[in-house]
Amino acid sequence: MGINIGIDIGGSTTKIVAIDKTEGGFKLYDPLFVRATDPITSLYGAFGKFTVINNLQLSDISKVMVTGVGSSCLKAPIYSLPCTNVTEFESIGLGGLFLSGLDKCITVSMGTGTAIVYAQRGKPGEYLGGTGVGGGTLQGLSKLLLGMDDVSHIHELALEGDIHNIDLAVNNISSKESYPGMSMDITASNFGNVSDIAEKGDIAKGVFNMVFETIAMVAIFAARAKGTKDIVLTGNLTAFPLCRTTFGQLEKIFDVNFIIPDNSQFATVIGAALQA
């Protein structure tokens with residue numbers, strides 16, 4: 001069958017996908033991820049579960065492409081299948097192009113931190129940098145401020161929050177009705193207007209808003225530098241509704257296209273499989 005497997009090994013989470021080339025393009029098997037206490041346990045758990053769910057035999061698999069921060073822990077073939085390590089940034093770029101169908105774009109990978117890659121079809125991806133602000137920031141600040149570190153629970157709380165009890169907007173500090181090229185509703189200072197009556201939901205929403213706005217602005221600057229308006233958002237944080245809300249608001253203000261494609265959480269591992 002010549003199926004190519006992509007594996008993205010994180011510190012405690014491993015994502016896996018399979019791609020089979022067909023006459024019409026590519027068949028993408030449903031990706032999955034597993035959690036474990038160490039990368040190797042996570043890797044073998046993901047691989048075993050994936051092959052069982054998809055009724056795959058080892059003889060069906062042609063190549064295994066491995067990426068991610070935990071890929072350096074892999075020192076031997078997986079079940080006698082040789083593995084090829086591929087760069088994470090190239091995988092991010094390819095995954096963004098594949099999922100969006102674009103010929104060029106900025107791909108933003110929102111993980112523990114955030115990486116930004118400029119991708120063009122047929123050319124190597126260009127790592128532009130990024131920011132240390134990401135899911136790890138959200139989790140860490142929430143633990144300090146709220147005593148919570150389960151991101152899904154924090155998000156549920158944030159949906160009930162009022163951002164006006166946390167953030168300072170331009171219209172809070174200016175008597176002008178407008179500024180050229182600026183929305184008066186835009187954030188002037190994250191956590192710059194914390195109210196004495198702010199509740200946990202308000203704080204949770206403030207943390208999410210700060211993380212998403214920081215990532216958005218870094219991505220917008222990168223897109224401007226590369227002369228494109230298309231920015232593909234990927235990574236686990238894209239699964240939360242507040243992601244679409246916050247980026248959607250900034251999209252209108254700054255005239256860019258923030259795109260969250262299907263399977264956006266798995267863009268990097270899909271990009272790894274494509275390199276086969």
# chains A, B, ... in the order shown; residues from 1 in each chain; ligands from 1
>>> residues_around(residues="Gly125 (chain A)", least_positions_apart="2", cutoff="7 Å", atoms="only C-alpha atoms", output="list in words")
Phe89, Glu90, Gly93, Val117, Tyr118, Ala119, Gln120, Lys123 and Tyr127 of chain A
>>> residues_around(residues="Leu274 (chain A)", least_positions_apart="6", cutoff="10 Å", atoms="only C-alpha atoms", output="list in words")
Asn4, Ile5, Gly6, Ala18, Ile19, Asp20, Lys21, Phe26, Met65, Ser91, Leu94, Gly95, Phe98 and Thr268 of chain A
>>> write_last_selection(atoms="all heavy atoms", output="tab-separated table (two decimals), in the first residue's frame")
chain	number	residue	atom	x	y	z
A	4	ASN	N	2.50	6.22	4.33
A	4	ASN	CA	3.53	6.94	5.07
A	4	ASN	C	2.96	7.42	6.40
A	4	ASN	O	1.87	8.00	6.45
A	4	ASN	CB	4.02	8.14	4.26
A	4	ASN	CG	4.69	7.71	2.97
A	4	ASN	OD1	5.45	6.75	2.96
A	4	ASN	ND2	4.42	8.41	1.89
A	5	ILE	N	3.71	7.16	7.47
A	5	ILE	CA	3.30	7.54	8.82
A	5	ILE	C	4.07	8.78	9.25
A	5	ILE	O	5.28	8.88	9.05
A	5	ILE	CB	3.59	6.39	9.81
A	5	ILE	CG1	2.81	5.13	9.43
A	5	ILE	CG2	3.26	6.83	11.24
A	5	ILE	CD1	1.34	5.19	9.70
A	6	GLY	N	3.38	9.71	9.85
A	6	GLY	CA	4.01	10.86	10.48
A	6	GLY	C	3.79	10.80	11.98
A	6	GLY	O	2.69	10.46	12.43
A	18	ALA	N	-1.46	9.04	9.19
A	18	ALA	CA	-1.00	8.27	8.03
A	18	ALA	C	-1.54	8.92	6.77
A	18	ALA	O	-2.68	9.40	6.74
A	18	ALA	CB	-1.46	6.83	8.12
A	19	ILE	N	-0.71	8.94	5.74
A	19	ILE	CA	-1.10	9.50	4.44
A	19	ILE	C	-0.78	8.48	3.36
A	19	ILE	O	0.31	7.91	3.31
A	19	ILE	CB	-0.37	10.82	4.17
A	19	ILE	CG1	-0.85	11.91	5.14
A	19	ILE	CG2	-0.58	11.27	2.74
A	19	ILE	CD1	-0.18	13.24	4.94
A	20	ASP	N	-1.75	8.25	2.49
A	20	ASP	CA	-1.59	7.33	1.38
A	20	ASP	C	-1.80	8.11	0.09
A	20	ASP	O	-2.83	8.77	-0.07
A	20	ASP	CB	-2.60	6.19	1.49
A	20	ASP	CG	-2.30	5.05	0.53
A	20	ASP	OD1	-1.23	5.09	-0.10
A	20	ASP	OD2	-3.13	4.14	0.42
A	21	LYS	N	-0.84	8.04	-0.81
A	21	LYS	CA	-0.97	8.77	-2.07
A	21	LYS	C	-1.93	8.02	-3.00
A	21	LYS	O	-1.82	6.80	-3.16
A	21	LYS	CB	0.39	8.92	-2.74
A	21	LYS	CG	0.40	9.94	-3.88
A	21	LYS	CD	1.81	10.24	-4.35
A	21	LYS	CE	1.80	11.33	-5.41
A	21	LYS	NZ	3.16	11.64	-5.89
A	26	PHE	N	-4.20	12.73	-2.05
A	26	PHE	CA	-3.79	12.04	-0.84
A	26	PHE	C	-5.01	11.60	-0.03
A	26	PHE	O	-6.00	12.31	0.05
A	26	PHE	CB	-2.92	12.95	0.05
A	26	PHE	CG	-1.61	13.33	-0.56
A	26	PHE	CD1	-1.48	14.52	-1.26
A	26	PHE	CD2	-0.50	12.51	-0.45
A	26	PHE	CE1	-0.28	14.88	-1.82
A	26	PHE	CE2	0.70	12.86	-1.01
A	26	PHE	CZ	0.81	14.05	-1.70
A	65	MET	N	8.05	8.98	9.38
A	65	MET	CA	8.72	10.26	9.49
A	65	MET	C	8.44	10.83	10.88
A	65	MET	O	7.28	10.93	11.31
A	65	MET	CB	8.21	11.23	8.42
A	65	MET	CG	8.10	10.63	7.02
A	65	MET	SD	9.68	10.02	6.38
A	65	MET	CE	10.45	11.57	5.91
A	91	SER	N	8.01	20.81	8.75
A	91	SER	CA	6.73	20.10	8.92
A	91	SER	C	5.59	21.09	9.17
A	91	SER	O	4.48	20.92	8.65
A	91	SER	CB	6.83	19.12	10.08
A	91	SER	OG	7.85	18.15	9.86
A	94	LEU	N	4.73	22.80	5.71
A	94	LEU	CA	4.05	21.89	4.79
A	94	LEU	C	2.64	21.58	5.27
A	94	LEU	O	1.70	21.51	4.48
A	94	LEU	CB	4.85	20.59	4.66
A	94	LEU	CG	6.06	20.61	3.73
A	94	LEU	CD1	6.83	19.30	3.84
A	94	LEU	CD2	5.62	20.84	2.29
A	95	GLY	N	2.50	21.37	6.57
A	95	GLY	CA	1.17	21.09	7.12
A	95	GLY	C	0.21	22.23	6.91
A	95	GLY	O	-0.96	22.03	6.56
A	98	PHE	N	-0.80	22.30	3.18
A	98	PHE	CA	-1.65	21.16	2.83
A	98	PHE	C	-3.07	21.36	3.34
A	98	PHE	O	-4.05	21.17	2.61
A	98	PHE	CB	-1.05	19.88	3.41
A	98	PHE	CG	-1.87	18.64	3.14
A	98	PHE	CD1	-1.77	17.98	1.93
A	98	PHE	CD2	-2.75	18.15	4.09
A	98	PHE	CE1	-2.52	16.84	1.67
A	98	PHE	CE2	-3.50	17.02	3.86
A	98	PHE	CZ	-3.39	16.35	2.63
A	268	THR	N	1.40	19.91	12.08
A	268	THR	CA	2.83	19.58	12.09
A	268	THR	C	3.07	18.11	11.77
A	268	THR	O	3.96	17.77	10.98
A	268	THR	CB	3.46	19.92	13.45
A	268	THR	OG1	3.30	21.31	13.71
A	268	THR	CG2	4.95	19.59	13.47
>>> residues_around(residues="Val256 (chain A)", least_positions_apart="6", cutoff="12 Å", atoms="only C-alpha atoms", output="MDAnalysis selection string")
chainID A and resid 105:106 216:217 219:224 227:232 247:250
>>> write_last_selection(atoms="N, CA, C and O atoms", output="PDB file, in the first residue's frame")
ATOM      1  N   CYS A 105       1.794  31.020   2.557  1.00  0.00           N
ATOM      2  CA  CYS A 105       1.121  31.531   3.749  1.00  0.00           C
ATOM      3  C   CYS A 105       2.114  31.626   4.901  1.00  0.00           C
ATOM      4  O   CYS A 105       3.210  31.060   4.856  1.00  0.00           O
ATOM      5  N   ILE A 106       1.715  32.328   5.921  1.00  0.00           N
ATOM      6  CA  ILE A 106       2.373  32.274   7.219  1.00  0.00           C
ATOM      7  C   ILE A 106       1.660  31.174   8.010  1.00  0.00           C
ATOM      8  O   ILE A 106       0.438  31.170   8.111  1.00  0.00           O
ATOM      9  N   ALA A 216      -1.227  36.764  17.787  1.00  0.00           N
ATOM     10  CA  ALA A 216      -1.806  37.373  16.589  1.00  0.00           C
ATOM     11  C   ALA A 216      -0.941  38.515  16.067  1.00  0.00           C
ATOM     12  O   ALA A 216      -0.693  38.610  14.857  1.00  0.00           O
ATOM     13  N   MET A 217      -0.480  39.378  16.952  1.00  0.00           N
ATOM     14  CA  MET A 217       0.293  40.539  16.503  1.00  0.00           C
ATOM     15  C   MET A 217       1.649  40.126  15.939  1.00  0.00           C
ATOM     16  O   MET A 217       2.108  40.673  14.928  1.00  0.00           O
ATOM     17  N   ALA A 219       2.250  37.339  14.452  1.00  0.00           N
ATOM     18  CA  ALA A 219       1.940  36.745  13.153  1.00  0.00           C
ATOM     19  C   ALA A 219       1.628  37.815  12.109  1.00  0.00           C
ATOM     20  O   ALA A 219       2.028  37.700  10.937  1.00  0.00           O
ATOM     21  N   ILE A 220       0.899  38.849  12.516  1.00  0.00           N
ATOM     22  CA  ILE A 220       0.560  39.935  11.590  1.00  0.00           C
ATOM     23  C   ILE A 220       1.821  40.650  11.108  1.00  0.00           C
ATOM     24  O   ILE A 220       1.980  40.954   9.919  1.00  0.00           O
ATOM     25  N   PHE A 221       2.745  40.914  12.023  1.00  0.00           N
ATOM     26  CA  PHE A 221       4.008  41.562  11.628  1.00  0.00           C
ATOM     27  C   PHE A 221       4.785  40.680  10.650  1.00  0.00           C
ATOM     28  O   PHE A 221       5.380  41.168   9.685  1.00  0.00           O
ATOM     29  N   ALA A 222       4.782  39.362  10.892  1.00  0.00           N
ATOM     30  CA  ALA A 222       5.475  38.433   9.997  1.00  0.00           C
ATOM     31  C   ALA A 222       4.821  38.425   8.620  1.00  0.00           C
ATOM     32  O   ALA A 222       5.512  38.408   7.583  1.00  0.00           O
ATOM     33  N   ALA A 223       3.491  38.443   8.580  1.00  0.00           N
ATOM     34  CA  ALA A 223       2.767  38.438   7.308  1.00  0.00           C
ATOM     35  C   ALA A 223       3.048  39.707   6.506  1.00  0.00           C
ATOM     36  O   ALA A 223       3.249  39.661   5.286  1.00  0.00           O
ATOM     37  N   ARG A 224       3.081  40.825   7.199  1.00  0.00           N
ATOM     38  CA  ARG A 224       3.385  42.090   6.512  1.00  0.00           C
ATOM     39  C   ARG A 224       4.789  42.064   5.920  1.00  0.00           C
ATOM     40  O   ARG A 224       5.017  42.550   4.805  1.00  0.00           O
ATOM     41  N   GLY A 227       4.664  40.078   2.765  1.00  0.00           N
ATOM     42  CA  GLY A 227       3.742  40.518   1.729  1.00  0.00           C
ATOM     43  C   GLY A 227       2.559  39.599   1.496  1.00  0.00           C
ATOM     44  O   GLY A 227       2.110  39.434   0.359  1.00  0.00           O
ATOM     45  N   THR A 228       2.057  38.984   2.544  1.00  0.00           N
ATOM     46  CA  THR A 228       0.881  38.133   2.423  1.00  0.00           C
ATOM     47  C   THR A 228      -0.119  38.474   3.520  1.00  0.00           C
ATOM     48  O   THR A 228       0.258  38.988   4.580  1.00  0.00           O
ATOM     49  N   LYS A 229      -1.389  38.182   3.246  1.00  0.00           N
ATOM     50  CA  LYS A 229      -2.438  38.400   4.245  1.00  0.00           C
ATOM     51  C   LYS A 229      -2.929  37.092   4.845  1.00  0.00           C
ATOM     52  O   LYS A 229      -3.717  37.109   5.791  1.00  0.00           O
ATOM     53  N   ASP A 230      -2.472  35.963   4.303  1.00  0.00           N
ATOM     54  CA  ASP A 230      -2.972  34.656   4.726  1.00  0.00           C
ATOM     55  C   ASP A 230      -2.129  34.076   5.861  1.00  0.00           C
ATOM     56  O   ASP A 230      -0.927  33.844   5.694  1.00  0.00           O
ATOM     57  N   ILE A 231      -2.773  33.851   6.994  1.00  0.00           N
ATOM     58  CA  ILE A 231      -2.104  33.323   8.182  1.00  0.00           C
ATOM     59  C   ILE A 231      -2.875  32.090   8.647  1.00  0.00           C
ATOM     60  O   ILE A 231      -4.038  32.187   9.035  1.00  0.00           O
ATOM     61  N   VAL A 232      -2.216  30.934   8.589  1.00  0.00           N
ATOM     62  CA  VAL A 232      -2.853  29.675   8.969  1.00  0.00           C
ATOM     63  C   VAL A 232      -2.495  29.365  10.424  1.00  0.00           C
ATOM     64  O   VAL A 232      -1.317  29.292  10.781  1.00  0.00           O
ATOM     65  N   PHE A 247      -9.070  35.941  17.335  1.00  0.00           N
ATOM     66  CA  PHE A 247      -8.389  36.146  16.054  1.00  0.00           C
ATOM     67  C   PHE A 247      -9.350  36.740  15.022  1.00  0.00           C
ATOM     68  O   PHE A 247      -8.926  37.513  14.157  1.00  0.00           O
ATOM     69  N   GLY A 248     -10.621  36.365  15.101  1.00  0.00           N
ATOM     70  CA  GLY A 248     -11.603  36.930  14.176  1.00  0.00           C
ATOM     71  C   GLY A 248     -11.757  38.429  14.339  1.00  0.00           C
ATOM     72  O   GLY A 248     -11.916  39.161  13.356  1.00  0.00           O
ATOM     73  N   GLN A 249     -11.718  38.908  15.575  1.00  0.00           N
ATOM     74  CA  GLN A 249     -11.821  40.344  15.827  1.00  0.00           C
ATOM     75  C   GLN A 249     -10.610  41.096  15.276  1.00  0.00           C
ATOM     76  O   GLN A 249     -10.746  42.150  14.656  1.00  0.00           O
ATOM     77  N   LEU A 250      -9.434  40.531  15.484  1.00  0.00           N
ATOM     78  CA  LEU A 250      -8.206  41.187  15.018  1.00  0.00           C
ATOM     79  C   LEU A 250      -8.064  41.106  13.502  1.00  0.00           C
ATOM     80  O   LEU A 250      -7.457  41.977  12.874  1.00  0.00           O
TER      81      LEU A 250
END
>>> closest_residue(among="A:Ile3, A:Ile40, A:Leu237, A:Ile203", to="Ser109 (chain A)", atoms="only C-alpha atoms")
A:Leu237
>>> select_by_dssp(residues="region 114-168 of chain A", states="strand (DSSP E)", output="list in words")
Thr114, Ala115, Ile116, Val117, Tyr118, Ala119, Gln120, Glu126, Tyr127, Leu128, Gly129, Gly130, Thr131 and Leu168 of chain A
>>> write_last_selection(atoms="C-alpha atoms", output="mmCIF file, in the first residue's frame")
data_model
loop_
_atom_site.group_PDB
_atom_site.id
_atom_site.type_symbol
_atom_site.label_atom_id
_atom_site.label_comp_id
_atom_site.auth_asym_id
_atom_site.auth_seq_id
_atom_site.Cartn_x
_atom_site.Cartn_y
_atom_site.Cartn_z
ATOM 1 C CA THR A 114 4.675 29.680 19.358
ATOM 2 C CA ALA A 115 6.651 29.158 16.135
ATOM 3 C CA ILE A 116 6.069 31.079 12.910
ATOM 4 C CA VAL A 117 7.017 29.709 9.480
ATOM 5 C CA TYR A 118 6.700 31.224 6.015
ATOM 6 C CA ALA A 119 5.782 28.488 3.567
ATOM 7 C CA GLN A 120 5.672 28.480 -0.236
ATOM 8 C CA GLU A 126 11.438 29.580 6.319
ATOM 9 C CA TYR A 127 11.446 29.808 10.097
ATOM 10 C CA LEU A 128 10.778 33.444 10.987
ATOM 11 C CA GLY A 129 10.983 33.163 14.752
ATOM 12 C CA GLY A 130 8.146 33.210 17.218
ATOM 13 C CA THR A 131 7.385 33.970 20.831
ATOM 14 C CA LEU A 168 -7.702 48.423 29.176
#
>>> closest_residue(among="A:Gly136, A:Gly271, A:Pro31, A:Met148", to="Thr112 (chain A)", atoms="only C-alpha atoms")
A:Gly136
>>> residues_around(residues="region 191-197 of chain A", least_positions_apart="6", cutoff="7 Å", atoms="only C-alpha atoms", output="number ranges by chain")
A: 165-168, 206
>>> write_last_selection(atoms="all heavy atoms", output="PDB file, in the first residue's frame")
ATOM      1  N   ASN A 165     -13.420  43.828  32.634  1.00  0.00           N
ATOM      2  CA  ASN A 165     -12.972  43.871  34.032  1.00  0.00           C
ATOM      3  C   ASN A 165     -11.478  43.579  34.173  1.00  0.00           C
ATOM      4  O   ASN A 165     -10.963  43.561  35.293  1.00  0.00           O
ATOM      5  CB  ASN A 165     -13.753  42.850  34.865  1.00  0.00           C
ATOM      6  CG  ASN A 165     -15.190  43.266  35.091  1.00  0.00           C
ATOM      7  OD1 ASN A 165     -15.498  44.462  35.096  1.00  0.00           O
ATOM      8  ND2 ASN A 165     -16.074  42.298  35.274  1.00  0.00           N
ATOM      9  N   ILE A 166     -10.808  43.374  33.049  1.00  0.00           N
ATOM     10  CA  ILE A 166      -9.389  42.994  33.073  1.00  0.00           C
ATOM     11  C   ILE A 166      -8.534  43.901  32.188  1.00  0.00           C
ATOM     12  O   ILE A 166      -7.533  44.461  32.630  1.00  0.00           O
ATOM     13  CB  ILE A 166      -9.213  41.528  32.619  1.00  0.00           C
ATOM     14  CG1 ILE A 166      -9.961  40.584  33.553  1.00  0.00           C
ATOM     15  CG2 ILE A 166      -7.722  41.161  32.549  1.00  0.00           C
ATOM     16  CD1 ILE A 166      -9.442  40.546  34.974  1.00  0.00           C
ATOM     17  N   ASP A 167      -8.914  44.036  30.916  1.00  0.00           N
ATOM     18  CA  ASP A 167      -8.079  44.739  29.944  1.00  0.00           C
ATOM     19  C   ASP A 167      -8.478  46.205  29.790  1.00  0.00           C
ATOM     20  O   ASP A 167      -9.659  46.567  29.943  1.00  0.00           O
ATOM     21  CB  ASP A 167      -8.161  44.059  28.570  1.00  0.00           C
ATOM     22  CG  ASP A 167      -7.408  42.741  28.531  1.00  0.00           C
ATOM     23  OD1 ASP A 167      -6.742  42.404  29.531  1.00  0.00           O
ATOM     24  OD2 ASP A 167      -7.492  42.045  27.498  1.00  0.00           O
ATOM     25  N   LEU A 168      -7.486  47.007  29.453  1.00  0.00           N
ATOM     26  CA  LEU A 168      -7.702  48.423  29.176  1.00  0.00           C
ATOM     27  C   LEU A 168      -7.765  48.605  27.661  1.00  0.00           C
ATOM     28  O   LEU A 168      -6.823  48.253  26.946  1.00  0.00           O
ATOM     29  CB  LEU A 168      -6.554  49.251  29.756  1.00  0.00           C
ATOM     30  CG  LEU A 168      -6.712  50.767  29.748  1.00  0.00           C
ATOM     31  CD1 LEU A 168      -7.778  51.196  30.750  1.00  0.00           C
ATOM     32  CD2 LEU A 168      -5.376  51.436  30.084  1.00  0.00           C
ATOM     33  N   GLY A 206      -8.994  37.031  30.530  1.00  0.00           N
ATOM     34  CA  GLY A 206      -7.868  37.938  30.335  1.00  0.00           C
ATOM     35  C   GLY A 206      -6.602  37.208  29.949  1.00  0.00           C
ATOM     36  O   GLY A 206      -5.830  37.676  29.105  1.00  0.00           O
TER      37      GLY A 206
END
>>> residues_around(residues="region 263-266 of chain A", least_positions_apart="3", cutoff="6 Å", atoms="only C-alpha atoms", output="count of residues only")
4
>>> atom_distance(atom1="CA of Ile163 (chain A)", atom2="CA of Pro261 (chain A)")
26.8 Å
